[in-house]
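Source file: run-v8.txt (compact mmCIF, C-alpha atoms and all ligand atoms)
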```txt
# COMPACT_ATOMS: atom_id res chain seq x y z
CA MET F 1 0.00 0.00 0.00
CA THR F 2 1.33 3.46 -0.84
CA GLU F 3 0.51 6.29 1.54
CA LYS F 4 0.87 9.92 0.42
CA CYS F 5 1.67 13.08 2.35
CA ASN F 6 3.15 16.52 1.78
CA VAL F 7 6.04 16.07 4.18
CA LEU F 8 7.81 12.91 5.30
CA ILE F 9 10.25 13.34 8.17
CA LEU F 10 12.75 10.59 8.97
CA GLY F 11 13.72 10.68 12.67
CA ALA F 12 11.40 11.61 15.56
CA GLY F 13 14.04 13.35 17.65
CA ALA F 14 14.21 16.99 18.68
CA ALA F 15 14.70 18.43 15.18
CA GLY F 16 12.24 16.12 13.43
CA MET F 17 9.42 16.77 15.90
CA MET F 18 9.91 20.55 15.73
CA CYS F 19 9.82 20.37 11.94
CA ALA F 20 6.62 18.28 12.05
CA ILE F 21 4.94 20.85 14.31
CA ARG F 22 5.83 23.85 12.15
CA ALA F 23 4.96 22.10 8.88
CA GLY F 24 1.65 20.92 10.38
CA GLN F 25 0.84 24.44 11.59
CA ARG F 26 1.28 25.56 7.98
CA GLY F 27 -1.36 23.09 6.87
CA ARG F 28 0.96 20.42 5.49
CA SER F 29 0.08 16.75 5.92
CA VAL F 30 3.00 15.27 7.84
CA ILE F 31 4.24 11.75 8.55
CA ILE F 32 7.20 11.27 10.90
CA LEU F 33 8.98 7.89 11.00
CA ASP F 34 11.42 6.42 13.50
CA HIS F 35 12.95 2.99 13.98
CA ALA F 36 12.93 3.39 17.77
CA LYS F 37 10.16 2.28 20.14
CA ALA F 38 9.65 5.82 21.46
CA PRO F 39 10.17 9.34 20.08
CA GLY F 40 12.75 11.73 21.52
CA GLU F 41 14.86 9.19 23.36
CA LYS F 42 17.83 11.57 23.51
CA ILE F 43 15.61 14.26 24.96
CA ARG F 44 14.54 11.78 27.65
CA ILE F 45 18.10 11.04 28.79
CA SER F 46 19.43 14.56 28.31
CA GLY F 47 20.55 16.85 31.09
CA GLY F 48 20.59 13.99 33.59
CA GLY F 49 16.85 13.37 32.91
CA ARG F 50 15.92 17.07 33.19
CA CYS F 51 16.75 18.17 29.62
CA ASN F 52 18.87 21.28 29.26
CA PHE F 53 16.46 22.36 26.51
CA THR F 54 18.08 25.65 25.51
CA ASN F 55 20.61 28.28 26.46
CA VAL F 56 19.45 31.87 26.77
CA HIS F 57 22.82 33.05 25.39
CA ALA F 58 22.76 30.82 22.28
CA ALA F 59 24.47 32.67 19.42
CA PRO F 60 26.39 31.60 16.31
CA LYS F 61 29.72 31.86 18.17
CA ASN F 62 28.66 28.86 20.31
CA TYR F 63 28.67 26.51 17.31
CA LEU F 64 31.40 24.68 15.40
CA SER F 65 31.08 24.22 11.64
CA ASN F 66 33.24 24.41 8.54
CA ASN F 67 31.09 27.44 7.71
CA PRO F 68 30.57 29.44 10.94
CA HIS F 69 28.04 31.72 9.17
CA PHE F 70 25.66 28.92 8.18
CA ALA F 71 23.76 28.65 11.49
CA LYS F 72 23.10 32.42 11.79
CA SER F 73 19.87 32.61 9.82
CA ALA F 74 18.04 29.69 11.48
CA LEU F 75 19.23 30.68 14.97
CA ALA F 76 18.04 34.26 14.44
CA ARG F 77 14.60 33.20 13.20
CA TYR F 78 13.88 30.72 16.02
CA THR F 79 15.42 31.90 19.27
CA PRO F 80 15.67 30.49 22.81
CA ARG F 81 12.84 32.92 23.70
CA ASP F 82 10.58 31.27 21.09
CA PHE F 83 11.16 27.86 22.66
CA ILE F 84 10.64 29.25 26.17
CA VAL F 85 7.25 30.65 25.08
CA LEU F 86 6.28 27.11 23.99
CA VAL F 87 7.50 25.61 27.28
CA GLU F 88 5.54 28.24 29.23
CA LYS F 89 2.41 27.60 27.15
CA HIS F 90 2.55 23.98 28.33
CA ARG F 91 3.14 25.12 31.94
CA ILE F 92 6.41 23.23 32.23
CA ALA F 93 8.36 24.55 35.20
CA PHE F 94 12.02 25.26 34.52
CA HIS F 95 15.04 26.98 36.01
CA GLU F 96 18.40 28.36 34.97
CA LYS F 97 21.09 26.13 36.41
CA THR F 98 24.20 28.04 35.38
CA LEU F 99 25.64 29.97 32.41
CA GLY F 100 22.23 30.49 30.79
CA GLN F 101 21.38 26.76 30.77
CA LEU F 102 17.63 26.11 31.16
CA PHE F 103 16.49 22.78 32.63
CA CYS F 104 13.05 21.31 33.42
CA ASP F 105 12.33 21.40 37.17
CA ASP F 106 10.74 17.98 36.96
CA SER F 107 11.49 15.73 33.98
CA ALA F 108 12.73 15.76 30.39
CA LYS F 109 9.63 13.72 29.58
CA ASP F 110 7.64 16.97 29.94
CA ILE F 111 9.41 18.28 26.82
CA ILE F 112 8.62 15.08 24.88
CA ARG F 113 4.96 15.25 25.98
CA MET F 114 4.83 18.90 24.90
CA LEU F 115 6.21 18.13 21.42
CA LEU F 116 3.85 15.17 20.99
CA ALA F 117 0.86 17.30 22.04
CA GLU F 118 1.82 19.99 19.53
CA MET F 119 2.25 17.35 16.81
CA GLN F 120 -1.13 15.86 17.62
CA ALA F 121 -2.75 19.31 17.52
CA VAL F 122 -1.67 19.75 13.90
CA GLY F 123 -2.44 16.16 12.89
CA ALA F 124 1.13 15.00 12.28
CA LYS F 125 1.19 11.21 12.10
CA LEU F 126 3.92 9.37 14.06
CA LYS F 127 5.05 5.90 13.00
CA LEU F 128 7.46 4.14 15.36
CA GLN F 129 9.45 0.91 15.08
CA THR F 130 9.60 1.40 11.34
CA ASP F 131 12.75 0.45 9.46
CA ILE F 132 13.57 2.35 6.30
CA THR F 133 14.67 0.07 3.49
CA LEU F 134 14.88 2.39 0.47
CA VAL F 135 14.82 6.11 -0.24
CA GLU F 136 14.44 7.26 -3.83
CA ALA F 137 13.52 10.36 -5.81
CA ILE F 138 10.42 10.03 -7.98
CA PRO F 139 11.40 11.12 -11.52
CA THR F 140 8.28 13.30 -11.83
CA GLY F 141 8.94 15.00 -8.47
CA GLY F 142 8.86 14.11 -4.78
CA PHE F 143 10.27 11.14 -2.92
CA ARG F 144 9.36 7.51 -2.26
CA VAL F 145 10.41 5.79 0.96
CA SER F 146 9.98 2.05 1.41
CA THR F 147 9.77 0.81 4.99
CA SER F 148 9.31 -2.43 6.87
CA ALA F 149 5.58 -1.59 6.97
CA ASP F 150 4.64 0.16 3.73
CA VAL F 151 5.63 2.66 1.03
CA ILE F 152 5.22 6.42 1.56
CA GLU F 153 5.36 9.11 -1.11
CA ALA F 154 5.91 12.75 -0.19
CA ASP F 155 6.55 16.09 -1.86
CA SER F 156 9.26 16.93 0.68
CA LEU F 157 11.61 14.60 2.52
CA VAL F 158 13.34 15.74 5.71
CA LEU F 159 16.34 13.86 7.14
CA ALA F 160 16.38 14.28 10.92
CA THR F 161 18.04 11.04 12.01
CA GLY F 162 20.77 12.68 14.12
CA GLY F 163 24.44 11.76 14.37
CA LYS F 164 26.46 8.71 15.37
CA SER F 165 26.72 9.33 19.11
CA ILE F 166 25.45 6.63 21.49
CA PRO F 167 24.93 3.80 18.95
CA LYS F 168 23.43 1.73 21.80
CA MET F 169 20.40 4.06 21.59
CA GLY F 170 19.90 3.45 17.88
CA ALA F 171 22.10 6.22 16.44
CA THR F 172 23.07 5.44 12.86
CA GLY F 173 24.93 7.22 10.09
CA PHE F 174 21.70 7.08 8.07
CA ALA F 175 21.44 10.77 7.13
CA TYR F 176 25.03 10.77 5.86
CA ARG F 177 24.32 7.79 3.63
CA ILE F 178 21.24 9.48 2.15
CA ALA F 179 23.21 12.73 1.65
CA GLU F 180 25.85 10.77 -0.26
CA GLN F 181 23.18 8.94 -2.25
CA PHE F 182 21.93 12.33 -3.48
CA GLY F 183 25.44 13.63 -4.18
CA LEU F 184 25.80 15.96 -1.18
CA GLY F 185 29.15 16.37 0.56
CA ILE F 186 29.99 15.13 4.07
CA ILE F 187 32.42 16.86 6.41
CA GLU F 188 34.37 14.15 8.21
CA THR F 189 32.53 13.14 11.38
CA ARG F 190 34.11 12.69 14.83
CA PRO F 191 32.84 12.44 18.42
CA GLY F 192 32.29 15.74 20.27
CA LEU F 193 31.50 16.67 23.88
CA VAL F 194 33.29 13.52 24.96
CA PRO F 195 35.65 12.56 27.82
CA LEU F 196 39.34 12.41 26.87
CA THR F 197 41.49 9.37 27.66
CA LEU F 198 45.11 9.14 28.81
CA GLU F 199 47.74 6.53 28.07
CA PRO F 200 48.46 3.98 30.85
CA THR F 201 51.67 5.64 32.18
CA GLN F 202 49.98 9.05 32.48
CA LEU F 203 46.92 7.41 33.97
CA GLU F 204 48.98 5.63 36.60
CA LYS F 205 50.59 8.90 37.66
CA LEU F 206 47.16 10.48 38.08
CA SER F 207 45.41 7.43 39.55
CA ALA F 208 45.26 8.98 43.04
CA LEU F 209 43.15 11.82 41.63
CA SER F 210 40.37 9.66 40.16
CA GLY F 211 36.99 11.02 41.25
CA ILE F 212 38.22 14.52 42.12
CA ALA F 213 36.37 17.51 40.59
CA VAL F 214 37.85 21.03 40.57
CA PRO F 215 37.07 24.29 38.78
CA ALA F 216 39.49 24.62 35.87
CA GLU F 217 40.27 26.65 32.80
CA ILE F 218 41.04 24.27 29.93
CA SER F 219 42.58 25.67 26.77
CA HIS F 220 43.34 24.47 23.28
CA GLY F 221 44.94 27.08 21.03
CA LYS F 222 42.96 30.28 21.58
CA THR F 223 39.85 28.50 22.87
CA SER F 224 39.29 28.23 26.63
CA PHE F 225 36.48 27.03 28.87
CA ASN F 226 36.20 27.77 32.56
CA GLU F 227 34.04 25.02 34.08
CA ALA F 228 34.52 21.92 36.26
CA LEU F 229 37.21 19.32 35.51
CA LEU F 230 36.82 15.72 36.64
CA PHE F 231 39.65 13.17 36.91
CA THR F 232 38.36 9.70 36.00
CA HIS F 233 39.83 6.20 35.93
CA ARG F 234 40.10 6.54 32.13
CA GLY F 235 41.38 10.11 31.92
CA LEU F 236 39.71 13.51 32.03
CA SER F 237 36.06 14.51 31.99
CA GLY F 238 33.71 17.17 33.38
CA PRO F 239 32.11 20.08 31.47
CA SER F 240 35.38 21.92 30.71
CA ILE F 241 36.90 18.79 29.14
CA LEU F 242 33.74 17.93 27.17
CA GLN F 243 33.74 21.48 25.80
CA ILE F 244 37.41 21.42 24.75
CA SER F 245 37.09 17.90 23.29
CA SER F 246 35.16 19.36 20.35
CA TYR F 247 38.20 21.49 19.46
CA TRP F 248 40.90 18.94 20.34
CA ARG F 249 42.50 16.76 17.64
CA GLU F 250 44.55 13.60 18.15
CA GLY F 251 48.16 14.47 18.95
CA ASP F 252 47.29 17.92 20.37
CA GLU F 253 48.02 19.07 23.91
CA VAL F 254 45.52 20.82 26.18
CA ARG F 255 46.46 23.28 28.93
CA LEU F 256 44.90 22.96 32.38
CA LYS F 257 44.72 25.73 34.96
CA MET F 258 43.10 24.36 38.08
CA GLU F 259 41.35 26.80 40.42
CA PRO F 260 41.93 29.64 37.94
CA ASP F 261 40.24 32.18 40.20
CA LEU F 262 42.40 31.43 43.24
CA ASP F 263 45.63 33.28 44.01
CA ILE F 264 47.60 30.14 44.88
CA LEU F 265 50.96 31.94 45.16
CA GLY F 266 49.45 34.60 47.41
CA HIS F 267 47.93 31.89 49.63
CA LEU F 268 51.28 30.04 49.92
CA LYS F 269 53.18 33.25 50.69
CA ALA F 270 50.68 34.23 53.36
CA ALA F 271 50.82 30.74 54.89
CA LYS F 272 54.63 30.87 54.92
CA LYS F 273 54.49 34.18 56.79
CA THR F 274 51.93 33.15 59.41
CA ASN F 275 52.92 29.52 59.85
CA GLY F 276 56.34 28.67 58.42
CA ARG F 277 56.25 25.18 59.94
CA GLN F 278 53.25 24.22 57.87
CA SER F 279 53.85 21.68 55.09
CA PRO F 280 52.91 22.75 51.55
CA GLN F 281 50.43 19.82 51.43
CA THR F 282 48.59 21.19 54.45
CA ALA F 283 48.59 24.77 53.14
CA LEU F 284 47.36 23.72 49.71
CA GLY F 285 44.90 21.28 51.31
CA GLU F 286 43.11 24.31 52.78
CA ILE F 287 42.06 25.45 49.30
CA LEU F 288 42.32 22.27 47.16
CA PRO F 289 41.01 18.73 47.63
CA LYS F 290 43.53 16.98 49.94
CA ARG F 291 44.50 14.28 47.42
CA LEU F 292 45.13 16.92 44.78
CA ALA F 293 47.26 18.98 47.20
CA GLN F 294 49.37 15.88 47.93
CA HIS F 295 49.76 15.11 44.23
CA VAL F 296 50.73 18.68 43.37
CA VAL F 297 53.54 18.70 45.95
CA GLU F 298 54.89 15.39 44.62
CA ARG F 299 54.59 16.67 41.07
CA ALA F 300 56.52 19.85 41.92
CA GLY F 301 59.23 17.66 43.52
CA VAL F 302 59.61 19.98 46.54
CA THR F 303 60.33 18.92 50.13
CA GLY F 304 60.38 20.63 53.52
CA ASN F 305 58.15 23.15 55.26
CA LEU F 306 56.93 26.43 53.81
CA GLY F 307 59.41 28.37 55.99
CA ASP F 308 62.30 26.65 54.17
CA MET F 309 60.99 27.52 50.71
CA SER F 310 62.11 30.37 48.47
CA ASP F 311 59.58 32.41 46.48
CA LYS F 312 60.82 30.51 43.41
CA THR F 313 59.87 27.19 45.03
CA LEU F 314 56.44 28.59 45.91
CA SER F 315 56.08 29.62 42.24
CA THR F 316 57.01 26.05 41.21
CA LEU F 317 54.24 24.77 43.48
CA THR F 318 51.79 27.27 42.01
CA ALA F 319 52.70 26.16 38.49
CA ALA F 320 52.06 22.54 39.57
CA VAL F 321 48.44 23.61 40.20
CA GLN F 322 47.85 26.11 37.43
CA GLU F 323 50.17 25.29 34.54
CA TRP F 324 49.60 21.75 33.34
CA SER F 325 50.10 20.69 29.78
CA ILE F 326 48.69 17.29 28.96
CA LYS F 327 48.46 15.24 25.77
CA PRO F 328 45.35 13.01 25.79
CA SER F 329 45.79 9.74 23.94
CA GLY F 330 42.24 9.74 22.54
CA SER F 331 38.59 10.12 23.46
CA GLU F 332 35.94 7.72 24.71
CA GLY F 333 34.43 7.86 21.20
CA TYR F 334 30.82 7.71 20.04
CA ARG F 335 29.99 5.33 22.90
CA THR F 336 29.74 8.27 25.30
CA ALA F 337 29.98 11.36 23.04
CA GLU F 338 27.02 13.73 23.42
CA VAL F 339 27.25 14.85 19.81
CA THR F 340 28.78 14.20 16.41
CA LEU F 341 30.96 16.89 14.88
CA GLY F 342 30.98 17.28 11.10
CA GLY F 343 28.16 15.88 8.98
CA VAL F 344 26.21 17.04 5.93
CA ASP F 345 28.25 19.80 4.27
CA THR F 346 26.51 23.15 4.76
CA THR F 347 27.78 24.42 1.40
CA ASP F 348 25.25 22.03 -0.16
CA LEU F 349 22.35 23.36 1.95
CA ASP F 350 20.38 26.60 1.88
CA SER F 351 20.88 28.28 5.28
CA LYS F 352 17.34 29.73 5.40
CA SER F 353 15.45 26.51 4.73
CA MET F 354 17.97 23.63 5.22
CA GLN F 355 17.00 22.45 1.73
CA ALA F 356 19.60 20.74 -0.46
CA LYS F 357 20.61 23.28 -3.10
CA THR F 358 20.67 20.74 -5.93
CA ILE F 359 17.73 18.51 -4.86
CA PRO F 360 14.49 20.51 -4.41
CA GLY F 361 12.35 19.05 -1.64
CA LEU F 362 15.19 17.30 0.23
CA TYR F 363 16.07 18.74 3.66
CA PHE F 364 18.63 17.97 6.41
CA ILE F 365 18.17 19.25 9.97
CA GLY F 366 19.56 18.83 13.49
CA GLU F 367 22.69 16.98 14.46
CA CYS F 368 23.27 15.33 11.06
CA VAL F 369 24.22 18.75 9.65
CA ASP F 370 27.76 20.07 10.10
CA VAL F 371 26.73 22.40 12.93
CA THR F 372 27.65 21.40 16.49
CA GLY F 373 26.98 23.39 19.62
CA TRP F 374 28.83 23.75 22.88
CA LEU F 375 27.68 21.88 25.96
CA GLY F 376 24.82 23.66 27.75
CA GLY F 377 21.58 23.52 25.75
CA TYR F 378 23.07 24.81 22.50
CA ASN F 379 22.56 21.55 20.61
CA PHE F 380 18.85 21.39 21.33
CA GLN F 381 18.54 25.03 20.32
CA TRP F 382 20.11 24.11 16.96
CA ALA F 383 17.69 21.17 16.64
CA TRP F 384 14.68 23.45 17.34
CA ALA F 385 15.95 26.26 15.08
CA SER F 386 16.93 24.09 12.10
CA GLY F 387 13.75 22.01 12.46
CA HIS F 388 11.66 25.17 12.51
CA ALA F 389 13.50 26.61 9.48
CA ALA F 390 12.74 23.48 7.45
CA GLY F 391 9.15 23.39 8.78
CA GLU F 392 8.66 26.91 7.38
CA SER F 393 9.77 25.82 3.93
CA VAL F 394 8.52 22.27 3.28
P1 LIG Z 401 18.23 12.86 17.66
O1 LIG Z 401 19.36 11.93 17.86
O2 LIG Z 401 17.61 13.51 18.84
O3 LIG Z 401 17.04 12.11 16.89
C1 LIG Z 401 17.28 11.29 15.79
C2 LIG Z 401 16.14 10.30 15.68
O4 LIG Z 401 16.32 9.55 14.48
C3 LIG Z 401 16.11 9.29 16.82
O5 LIG Z 401 14.80 9.23 17.34
C4 LIG Z 401 16.54 7.97 16.18
O6 LIG Z 401 15.90 6.86 16.74
C5 LIG Z 401 16.09 8.17 14.74
N1 LIG Z 401 16.88 7.40 13.77
C6 LIG Z 401 18.23 7.31 13.67
N2 LIG Z 401 18.57 6.52 12.65
C7 LIG Z 401 17.41 6.07 12.09
C8 LIG Z 401 17.11 5.22 11.00
N3 LIG Z 401 18.08 4.64 10.28
N4 LIG Z 401 15.80 4.99 10.72
C9 LIG Z 401 14.81 5.56 11.45
N5 LIG Z 401 15.03 6.39 12.49
C10 LIG Z 401 16.33 6.64 12.80
N6 LIG Z 401 21.86 18.69 24.03
C11 LIG Z 401 21.41 19.79 24.68
O7 LIG Z 401 21.22 20.83 24.06
N7 LIG Z 401 21.13 19.72 26.03
C12 LIG Z 401 21.31 18.58 26.76
O8 LIG Z 401 20.99 18.53 27.96
C13 LIG Z 401 21.84 17.44 26.09
N8 LIG Z 401 22.11 16.30 26.78
C14 LIG Z 401 22.55 15.18 26.11
C15 LIG Z 401 22.83 14.02 26.83
C16 LIG Z 401 23.25 12.88 26.17
C17 LIG Z 401 23.58 11.65 26.97
C18 LIG Z 401 23.41 12.91 24.76
C19 LIG Z 401 23.83 11.69 24.01
C20 LIG Z 401 23.15 14.07 24.05
C21 LIG Z 401 22.74 15.22 24.71
N9 LIG Z 401 22.51 16.42 24.03
C22 LIG Z 401 22.07 17.52 24.70
C23 LIG Z 401 22.62 16.49 22.55
C24 LIG Z 401 21.23 16.36 21.93
O9 LIG Z 401 20.61 15.20 22.46
C25 LIG Z 401 21.31 16.26 20.41
O10 LIG Z 401 22.06 17.33 19.90
C26 LIG Z 401 19.90 16.28 19.80
O11 LIG Z 401 19.15 15.21 20.32
C27 LIG Z 401 19.97 16.19 18.29
O12 LIG Z 401 18.66 16.18 17.81
P2 LIG Z 401 18.30 15.48 16.43
O13 LIG Z 401 16.81 15.55 16.33
O14 LIG Z 401 19.12 16.00 15.34
O15 LIG Z 401 18.74 13.96 16.62
```
Written form, structure tokens:
Amino acid sequence: MTEKCNVLILGAGAAGMMCAIRAGQRGRSVIILDHAKAPGEKIRISGGGRCNFTNVHAAPKNYLSNNPHFAKSALARYTPRDFIVLVEKHRIAFHEKTLGQLFCDDSAKDIIRMLLAEMQAVGAKLKLQTDITLVEAIPTGGFRVSTSADVIEADSLVLATGGKSIPKMGATGFAYRIAEQFGLGIIETRPGLVPLTLEPTQLEKLSALSGIAVPAEISHGKTSFNEALLFTHRGLSGPSILQISSYWREGDEVRLKMEPDLDILGHLKAAKKTNGRQSPQTALGEILPKRLAQHVVERAGVTGNLGDMSDKTLSTLTAAVQEWSIKPSGSEGYRTAEVTLGGVDTTDLDSKSMQAKTIPGLYFIGECVDVTGWLGGYNFQWAWASGHAAGESV
């Protein structure tokens, strides 16, 4: 049996559902397909179950892409405020956690329920547990998609199947394959917002620190993030590391400045003056986690009490806290990455509508496009904005 509709959306994630809503509001008949059992699974697990659904500061500078200008149009036409209005309409309570990051007070499922209610209101039809077997262009116009259940023909086809991160949840490289099938370019994909790993010898040296979290400024080239750093049994994690991982390339070093807002040298000098018999471990342990203070003193290779130490030695100790240079051996990969960098080449897409420039009616939105946000609600904002842009055009 062949079913017909105006708009067929592949992928019922954040971007696909937003596109379905907007297209439906414009009077289009919409079918949205997904191979998963439930829609919006990544929304459900996001933000520790509370979904960091946007960031009030979202701006083009918070996104990585081969073409940094591409995201501007969609982000300007569907803003964090627009999404907040929708959240407020559905009376979903939320709060700002930090740095402009908005989270649900209760559960990420509230966001999924909201999107499903909006889809239902415009008559968008959701088909789950449906495998796509063939996608083809109809020579006279439109697209035909064969699935495990039936055949669907549509005037517009929207690819919203996300990236490769968390394959255990059903992530596939499907959108990239379809882009290639239609002759669109792909910017090499790699895991982003991902913990970085260390080689065994480095790891052994840092093993005593596993589990410790400290504020840190992490830098790669001219890019820096000032958020928490977490030492793990595999290497380095925490928001600052996830952020820098999107910029880091294999073989590169990253610079770590722990407790960037503390005057470590000033603290050591003051401690030397008031209590010269104090050990550097004890003095540093007053402002750093004890295990880290111990490690820093060993790392600096200094011995004796503060009273015996020259200002130069105190500077060496300070550097052992605030001037680390470390070469990660790799990342934890797509298994734990929150996003996929790279993807469908934006030079082949129209930035206003997300439509393929050479294939009228074919659209790519969300994570499968070569636009990747920072950690902190930016990726959902891209999903909403790009989904909305396509929904306006289909
Ligand atoms: P998304 O991955 O959401 O949806 C794609 C859909 O396509 C899925 O439903 C999938 O089942 C379906 N699909 C895939 N292949 C298919 C195929 N071959 N056939 C049929 N269907 C197929 N971002 C943020 O802004 N704030 C946050 O708090 C978080 N937190 C977070 C936590 C974790 C653990 C992860 C992994 C990621 C985040 N993110 C995030 C990132 C965010 O989840 C991501 O950027 C968006 O979900 C991307 O939305 P899309 O709609 O593009 O893809």
Enclosing box along x, y and z for every listed atom of ligand LIG 401 (chain Z), padded 8 Å each side, centre and size in Å, one decimal, as JSON:
```
{"center_x": 19.3, "center_y": 12.7, "center_z": 19.1, "size_x": 25.0, "size_y": 32.2, "size_z": 33.7}
```
Near-ligand residues for ligand LIG 401 (chain Z), threshold 7 Å, all atoms listed in the file, as a ChimeraX atom specification: /F:10-16,33-36,39-43,45-47,51-54,130-132,160-163,165-166,170-174,336-339,365-368,375-381,383
Protein, DNA and RNA residues within 12 Å of (7.0, 28.8, 23.5), only C-alpha atoms, as a list in words: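 Here is the list of nearby residues: Met18, Phe53, Thr54, Tyr78, Thr79, Pro80, Arg81, Asp82, Phe83, Ile84, Val85, Leu86, Val87, Glu88, Lys89, His90, Arg91, Ile92, Ile111, Met114, Leu115, Glu118 and Trp384 of chain F.
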How would the residues just picked look written out with C-alpha atoms as a PDB file, in the frame of the given file?
```pdb
ATOM      1  CA  MET F  18       9.910  20.550  15.730  1.00  0.00           C
ATOM      2  CA  PHE F  53      16.460  22.360  26.510  1.00  0.00           C
ATOM      3  CA  THR F  54      18.080  25.650  25.510  1.00  0.00           C
ATOM      4  CA  TYR F  78      13.880  30.720  16.020  1.00  0.00           C
ATOM      5  CA  THR F  79      15.420  31.900  19.270  1.00  0.00           C
ATOM      6  CA  PRO F  80      15.670  30.490  22.810  1.00  0.00           C
ATOM      7  CA  ARG F  81      12.840  32.920  23.700  1.00  0.00           C
ATOM      8  CA  ASP F  82      10.580  31.270  21.090  1.00  0.00           C
ATOM      9  CA  PHE F  83      11.160  27.860  22.660  1.00  0.00           C
ATOM     10  CA  ILE F  84      10.640  29.250  26.170  1.00  0.00           C
ATOM     11  CA  VAL F  85       7.250  30.650  25.080  1.00  0.00           C
ATOM     12  CA  LEU F  86       6.280  27.110  23.990  1.00  0.00           C
ATOM     13  CA  VAL F  87       7.500  25.610  27.280  1.00  0.00           C
ATOM     14  CA  GLU F  88       5.540  28.240  29.230  1.00  0.00           C
ATOM     15  CA  LYS F  89       2.410  27.600  27.150  1.00  0.00           C
ATOM     16  CA  HIS F  90       2.550  23.980  28.330  1.00  0.00           C
ATOM     17  CA  ARG F  91       3.140  25.120  31.940  1.00  0.00           C
ATOM     18  CA  ILE F  92       6.410  23.230  32.230  1.00  0.00           C
ATOM     19  CA  ILE F 111       9.410  18.280  26.820  1.00  0.00           C
ATOM     20  CA  MET F 114       4.830  18.900  24.900  1.00  0.00           C
ATOM     21  CA  LEU F 115       6.210  18.130  21.420  1.00  0.00           C
ATOM     22  CA  GLU F 118       1.820  19.990  19.530  1.00  0.00           C
ATOM     23  CA  TRP F 384      14.680  23.450  17.340  1.00  0.00           C
TER      24      TRP F 384
END
```
Nearest to Gly141 in chain F, chosen from F:Gln243, F:Ser315, F:Ser156, F:Thr189, with all atoms listed in the file counted in the distances: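 Among F:Gln243, F:Ser315, F:Ser156, F:Thr189, it is F:Ser156 that comes nearest to Gly141 in chain F.
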Between CA of Phe70 in chain F and CA of Phe225 in chain F, distance in Å (one decimal):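 Between CA of Phe70 in chain F and CA of Phe225 in chain F the gap is 23.4 Å.
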Interatomic distance (Å, one decimal) between CA of Gln322 in chain F and CA of His267 in chain F: 13.5 Å
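We find CA of Asp155 in chain F and CA of Val394 in chain F to be spaced 8.3 Å apart.
Checking F:Met169, F:Met354, F:Leu362, F:Val371 one by one against Ser246 in chain F, counting all atoms listed in the file, you find the shortest gap at F:Val371.
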Pick from F:Ser329, F:Ser107, F:Thr274, F:Thr232, whichever lies nearest to Arg44 in chain F using only C-alpha atoms: F:Ser107
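The closest residue to Val344 in chain F, picked from F:Leu196, F:Leu128, F:Ala76, F:Ile178 and counting all atoms listed in the file, is F:Ile178.
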Within 12 Å of Gln120 in chain F, counting only C-alpha atoms, which residues show up once you throw out same-chain ones fewer than 6 positions away? Write them as a PDB file with C-alpha atoms, in the coordinates of the input, please.
```
ATOM      1  CA  MET F  17       9.420  16.770  15.900  1.00  0.00           C
ATOM      2  CA  ALA F  20       6.620  18.280  12.050  1.00  0.00           C
ATOM      3  CA  ILE F  21       4.940  20.850  14.310  1.00  0.00           C
ATOM      4  CA  ARG F  22       5.830  23.850  12.150  1.00  0.00           C
ATOM      5  CA  GLY F  24       1.650  20.920  10.380  1.00  0.00           C
ATOM      6  CA  GLN F  25       0.840  24.440  11.590  1.00  0.00           C
ATOM      7  CA  SER F  29       0.080  16.750   5.920  1.00  0.00           C
ATOM      8  CA  VAL F  30       3.000  15.270   7.840  1.00  0.00           C
ATOM      9  CA  ILE F  31       4.240  11.750   8.550  1.00  0.00           C
ATOM     10  CA  ILE F  32       7.200  11.270  10.900  1.00  0.00           C
ATOM     11  CA  ARG F 113       4.960  15.250  25.980  1.00  0.00           C
ATOM     12  CA  MET F 114       4.830  18.900  24.900  1.00  0.00           C
ATOM     13  CA  LEU F 126       3.920   9.370  14.060  1.00  0.00           C
TER      14      LEU F 126
END
```
Point (41.8, 32.0, 46.0) neighbourhood (12 Å, all atoms listed in the file) written as a PyMOL selection string: chain F and resi 215+258-268+270+284+286-288+318
Residue nearest Gln294 in chain F among F:Pro60, F:Gly343, F:Asp311, F:Ala320 (counting only C-alpha atoms): F:Ala320
Counting only C-alpha atoms, the option among F:Ile152, F:Leu242, F:Ile359, F:Ala389 closest to Gly183 in chain F: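 For Gly183 in chain F, the nearest of the candidates is F:Ile359.
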